[in-house]
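Student: First the structure, which I've put down as structure tokens, then a few questions once you've had a look.
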Number of protein chains: 2
Amino acid sequence: MIFYDCSTAPSPRRARMFIAEKGIEVETQQVDLRGDAHRQPDFLTINPHGTVPVLVTDDGTALTENIAIAGFLEAAFPETPLMGVTPEEKGRVLMWNAICEFHAGMAIAEALRNSTPALKGRALPGAVNYEQIPALAERGILRLGRFFDTLEERLSKSAYLAGDSFSMADITGFVFCDFARIVKQGIPEGNTASHAWFDTIKARPSASF
Amino acid sequence: MIFYDCSTAPSPRRARMFIAEKGIEVETQQVDLRGDAHRQPDFLTINPHGTVPVLVTDDGTALTENIAIAGFLEAAFPETPLMGVTPEEKGRVLMWNAICEFHAGMAIAEALRNSTPALKGRALPGAVNYEQIPALAERGILRLGRFFDTLEERLSKSAYLAGDSFSMADITGFVFCDFARIVKQGIPEGNTASHAWFDTIKARPSASF
């Protein structure tokens, strides 16, 4: 296996944490996003969409989405389940993972990519140029605020997002709550359940990866 | 189990096809999106995000995302696998499902919801109002065009999106290719591999659900 990573970006950090939680060793190659390495022919041969993370499996399959990398690793290394055990748990992990992706990850990306001068023409990640849409940056901040409400509501009733056990959904939520600082946002001060959950996850060794 | 559906909308159609492919019977309740039933207190108690599909399992878990409903049903009714068998297959199914969601489903939603007068203030699905952003509608059409290229490139090398077998990824791709007509788009005429794949899936009994 080869894991294409970028140590400064939030999307590959999700996969990196997942790999660390599984306790496996994977050969890693850094892709220098700031140096535009993800838009060069070499990398586009591996992932035509020009995004990281990518995990190339031993049979040569290039898995280009976080959920795909997680699903593959969960099946190949089932010992430490991170995607639930019972059908209901599996459903809840995938649900909260999707909620964090859509309402937090996408909101932060909208806010960041449509406002930062350095990302002009890079309103979407990857190899294709899209112009910035300032109104989308504003909408991203609004959506992110509502996500923090959803998170607090859930975590005031449940230790982890998908229930009593730590899962992939917590990795996704944690990485995006942490990355929100890039658009000057974060878990609101009064959201005590969310802060407690965040600190618990931050203390896991995988969070330093 | 109770399945909250809306027979005219593409997102619940994905779950409906998945259930039909599994060959299971699920009690179904229609949610009248046009009549705003998804934004009324009764439904928001079930899904605070105000979206369909929702599958409420026998233990009372409300699964509100397509991927979560699929993951639950795959684990609970494993007989007809729709999400892959080997780790690599599982990864490829999740990858192509995510690509279809992000590059087709989201692109169509952007194009439709940011341009249709009847959807003013409803630029995102669900219970919260967001203003339309006309530039986002234009970007949606551009993204969708690129998705059709990606689809053709893949299907000219593979019978189904995730490999040799029909899977959830094909359901997602098919539903969005079909729904693209709502923004006057569709698989380009010359994309023969995509058309052949589309027709194969359209012939499955589940496609009429």
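Ordering of the structure tokens sets the chain letters (A, B, ...), residue numbers begin anew at 1 in every chain, and ligands are numbered from 1 in the order given.
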Which neighbours of Glu131 in chain A fall inside 9 Å, counting only C-alpha atoms, when residues of the same chain fewer than 6 positions from it are skipped, and could you give them as a PyMOL selection string?
Tutor: (chain A and resi 114+120-124) or (chain B and resi 139)
Student: Using backbone DSSP assignments, extract all helix (DSSP H, G or I) residues from range 47-162 of chain A; output them as number ranges by chain.
Tutor: A: 66-76, 87-113, 117-119, 134-155
Student: I'd like a table as CSV: residues in chain B with an atom no more than 6 Å from chain A, each row giving the shortest atom pair and its distance in Å to one decimal, only C-alpha atoms counted, sorted by chain and rising residue number.
Tutor:
residue,atom,partner,partner_atom,distance
B:Glu65,CA,A:Met95,CA,5.6
B:Ala68,CA,A:Gly91,CA,4.3
B:Gly71,CA,A:Gly91,CA,5.4
B:Phe72,CA,A:Gly91,CA,4.6
B:Ala75,CA,A:Pro87,CA,5.0
B:Ala76,CA,A:Pro87,CA,5.6
B:Pro87,CA,A:Phe72,CA,4.7
B:Glu88,CA,A:Phe72,CA,5.9
B:Lys90,CA,A:Phe72,CA,5.9
B:Gly91,CA,A:Ala68,CA,4.3
B:Leu94,CA,A:Ala68,CA,4.8
B:Met95,CA,A:Ala68,CA,4.8
Student: Take the selection from the previous step and output its residues with N, CA and C atoms, as a short mmCIF file (atom, residue, chain, number, x, y, z; two decimals), in the first residue's frame.
Tutor:
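And here is the file that came out, again_23.cif:
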data_model
loop_
_atom_site.label_atom_id
_atom_site.label_comp_id
_atom_site.auth_asym_id
_atom_site.auth_seq_id
_atom_site.Cartn_x
_atom_site.Cartn_y
_atom_site.Cartn_z
N GLU B 65 -29.19 9.72 6.37
CA GLU B 65 -28.35 9.93 5.18
C GLU B 65 -28.38 8.66 4.35
N ALA B 68 -25.87 6.03 5.23
CA ALA B 68 -26.14 5.38 6.51
C ALA B 68 -27.23 4.33 6.37
N GLY B 71 -25.59 1.43 4.54
CA GLY B 71 -24.67 0.69 5.41
C GLY B 71 -25.41 -0.17 6.43
N PHE B 72 -26.49 0.37 6.98
CA PHE B 72 -27.31 -0.40 7.92
C PHE B 72 -27.94 -1.60 7.22
N ALA B 75 -25.58 -4.45 6.32
CA ALA B 75 -25.18 -5.27 7.47
C ALA B 75 -26.34 -6.14 7.97
N ALA B 76 -27.56 -5.59 7.92
CA ALA B 76 -28.71 -6.31 8.45
C ALA B 76 -29.22 -7.37 7.46
N PRO B 87 -12.25 -6.32 0.55
CA PRO B 87 -11.91 -4.96 1.00
C PRO B 87 -11.77 -3.98 -0.19
N GLU B 88 -11.10 -4.42 -1.26
CA GLU B 88 -10.92 -3.53 -2.41
C GLU B 88 -12.27 -3.15 -3.02
N LYS B 90 -15.21 -3.11 -1.54
CA LYS B 90 -15.90 -2.20 -0.60
C LYS B 90 -15.38 -0.77 -0.77
N GLY B 91 -14.05 -0.66 -0.89
CA GLY B 91 -13.45 0.65 -1.09
C GLY B 91 -13.91 1.30 -2.40
N LEU B 94 -17.59 2.54 -2.22
CA LEU B 94 -17.71 3.80 -1.45
C LEU B 94 -17.09 4.96 -2.21
N MET B 95 -15.99 4.70 -2.93
CA MET B 95 -15.35 5.77 -3.70
C MET B 95 -16.27 6.28 -4.81
#
Student: Which residues come within 10 Å of Asn191 in chain B, counting only C-alpha atoms, excluding same-chain residues fewer than 3 positions away, as a PyMOL selection string?
Tutor: chain B and resi 148-149+151-153+155-156+187-188+194-196
Student: Restricting the output to N, CA and C atoms, write the selected residues as a PDB file, in the first residue's frame.
Tutor:
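Listing of selection31.pdb after writing:
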ATOM      1  N   PHE B 148     -19.780  13.976 -16.314  1.00  0.00           N
ATOM      2  CA  PHE B 148     -20.103  13.066 -17.427  1.00  0.00           C
ATOM      3  C   PHE B 148     -18.839  12.560 -18.126  1.00  0.00           C
ATOM      4  N   ASP B 149     -17.810  13.387 -18.195  1.00  0.00           N
ATOM      5  CA  ASP B 149     -16.514  12.937 -18.735  1.00  0.00           C
ATOM      6  C   ASP B 149     -15.920  11.827 -17.855  1.00  0.00           C
ATOM      7  N   LEU B 151     -17.426   9.847 -15.819  1.00  0.00           N
ATOM      8  CA  LEU B 151     -18.273   8.656 -15.914  1.00  0.00           C
ATOM      9  C   LEU B 151     -17.925   7.855 -17.174  1.00  0.00           C
ATOM     10  N   GLU B 152     -17.819   8.550 -18.291  1.00  0.00           N
ATOM     11  CA  GLU B 152     -17.537   7.879 -19.559  1.00  0.00           C
ATOM     12  C   GLU B 152     -16.163   7.220 -19.523  1.00  0.00           C
ATOM     13  N   GLU B 153     -15.207   7.938 -18.967  1.00  0.00           N
ATOM     14  CA  GLU B 153     -13.846   7.427 -18.873  1.00  0.00           C
ATOM     15  C   GLU B 153     -13.842   6.120 -18.062  1.00  0.00           C
ATOM     16  N   LEU B 155     -16.532   4.084 -17.372  1.00  0.00           N
ATOM     17  CA  LEU B 155     -17.393   3.015 -17.901  1.00  0.00           C
ATOM     18  C   LEU B 155     -16.893   2.471 -19.236  1.00  0.00           C
ATOM     19  N   SER B 156     -15.958   3.174 -19.852  1.00  0.00           N
ATOM     20  CA  SER B 156     -15.366   2.604 -21.060  1.00  0.00           C
ATOM     21  C   SER B 156     -14.341   1.523 -20.695  1.00  0.00           C
ATOM     22  N   ILE B 187     -26.521  12.610 -20.017  1.00  0.00           N
ATOM     23  CA  ILE B 187     -25.314  11.998 -20.576  1.00  0.00           C
ATOM     24  C   ILE B 187     -25.177  12.444 -22.030  1.00  0.00           C
ATOM     25  N   PRO B 188     -24.034  13.027 -22.402  1.00  0.00           N
ATOM     26  CA  PRO B 188     -23.873  13.500 -23.792  1.00  0.00           C
ATOM     27  C   PRO B 188     -24.057  12.352 -24.789  1.00  0.00           C
ATOM     28  N   SER B 194     -21.424   5.178 -21.289  1.00  0.00           N
ATOM     29  CA  SER B 194     -22.336   5.646 -20.238  1.00  0.00           C
ATOM     30  C   SER B 194     -23.781   5.339 -20.599  1.00  0.00           C
ATOM     31  N   HIS B 195     -24.138   5.541 -21.866  1.00  0.00           N
ATOM     32  CA  HIS B 195     -25.522   5.252 -22.288  1.00  0.00           C
ATOM     33  C   HIS B 195     -25.840   3.763 -22.148  1.00  0.00           C
ATOM     34  N   ALA B 196     -24.895   2.912 -22.532  1.00  0.00           N
ATOM     35  CA  ALA B 196     -25.126   1.464 -22.418  1.00  0.00           C
ATOM     36  C   ALA B 196     -25.322   1.065 -20.958  1.00  0.00           C
TER      37      ALA B 196
END
Student: Extract the full set of strand (DSSP E) residues from range 30-174 of chain B according to DSSP on the backbone, and format it as a VMD selection string.
Tutor: chain B and resid 30 54 to 56 62 to 63
Student: Using only C-alpha atoms, please write the residues we just selected to a file, as a JSON list (two decimals), in the first residue's frame.
Tutor:
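Written output follows (result.json):
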[["chain", "number", "residue", "atom", "x", "y", "z"],
["B", 30, "GLN", "CA", -44.61, 9.52, 2.06],
["B", 54, "VAL", "CA", -34.97, 8.64, 6.69],
["B", 55, "LEU", "CA", -35.02, 5.04, 7.85],
["B", 56, "VAL", "CA", -36.08, 4.46, 11.44],
["B", 62, "ALA", "CA", -33.31, 7.45, 12.79],
["B", 63, "LEU", "CA", -30.82, 7.15, 9.93]]
Student: Restricting the calculation to only C-alpha atoms: of A:Ala20, A:Val52, A:Ala207, A:Cys100, which residue gets closest to Asp32 in chain A?
Tutor: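 Smallest distance to Asp32 in chain A is found for A:Val52.
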Student: What's around Gly50 in chain A at 6 Å? Count only C-alpha atoms, leave out sequence neighbours fewer than 2 positions away in its own chain, and write the answer as a VMD selection string.
Tutor: chain A and resid 38 to 39 44 47 to 48 126 to 127
Student: Mind checking which residues fall within 9 Å of Ala9 in chain B, counting only C-alpha atoms, ignoring those fewer than 4 positions away in the same chain, and posting them as a list in words?
Tutor: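 Residues near the query, excluding close chain neighbours: Asp5, Arg13, Leu33, Val52 and Phe179 of chain B.
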Student: Which of these residues is nearest to Ile171 in chain B, using only C-alpha atoms: B:Gly105, B:Gly190, B:Pro78, B:Pro41?
Tutor: B:Gly105
Student: Could you tell me how far CA of Ala203 in chain B lies from CA of Phe174 in chain B, in Å and to one decimal?
Tutor: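 Going from CA of Ala203 in chain B over to CA of Phe174 in chain B, I get 11.4 Å.
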Student: Quick one: distance from CA of Thr28 in chain B to CA of Phe43 in chain B in Å, one decimal?
Tutor: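 For CA of Thr28 in chain B relative to CA of Phe43 in chain B, the distance reads 14.1 Å.
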Student: Restricting the calculation to only C-alpha atoms, which member of B:Thr192, B:Thr172, B:Thr200, B:Thr80 is positioned closest to Met17 in chain B?
Tutor: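 Among the listed residues, B:Thr172 lies closest to Met17 in chain B.
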Student: Could you check how far CA of Ala107 in chain B sits from CA of Leu144 in chain B, in Å to one decimal?
Tutor: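 These atoms are spaced 5.7 Å apart.
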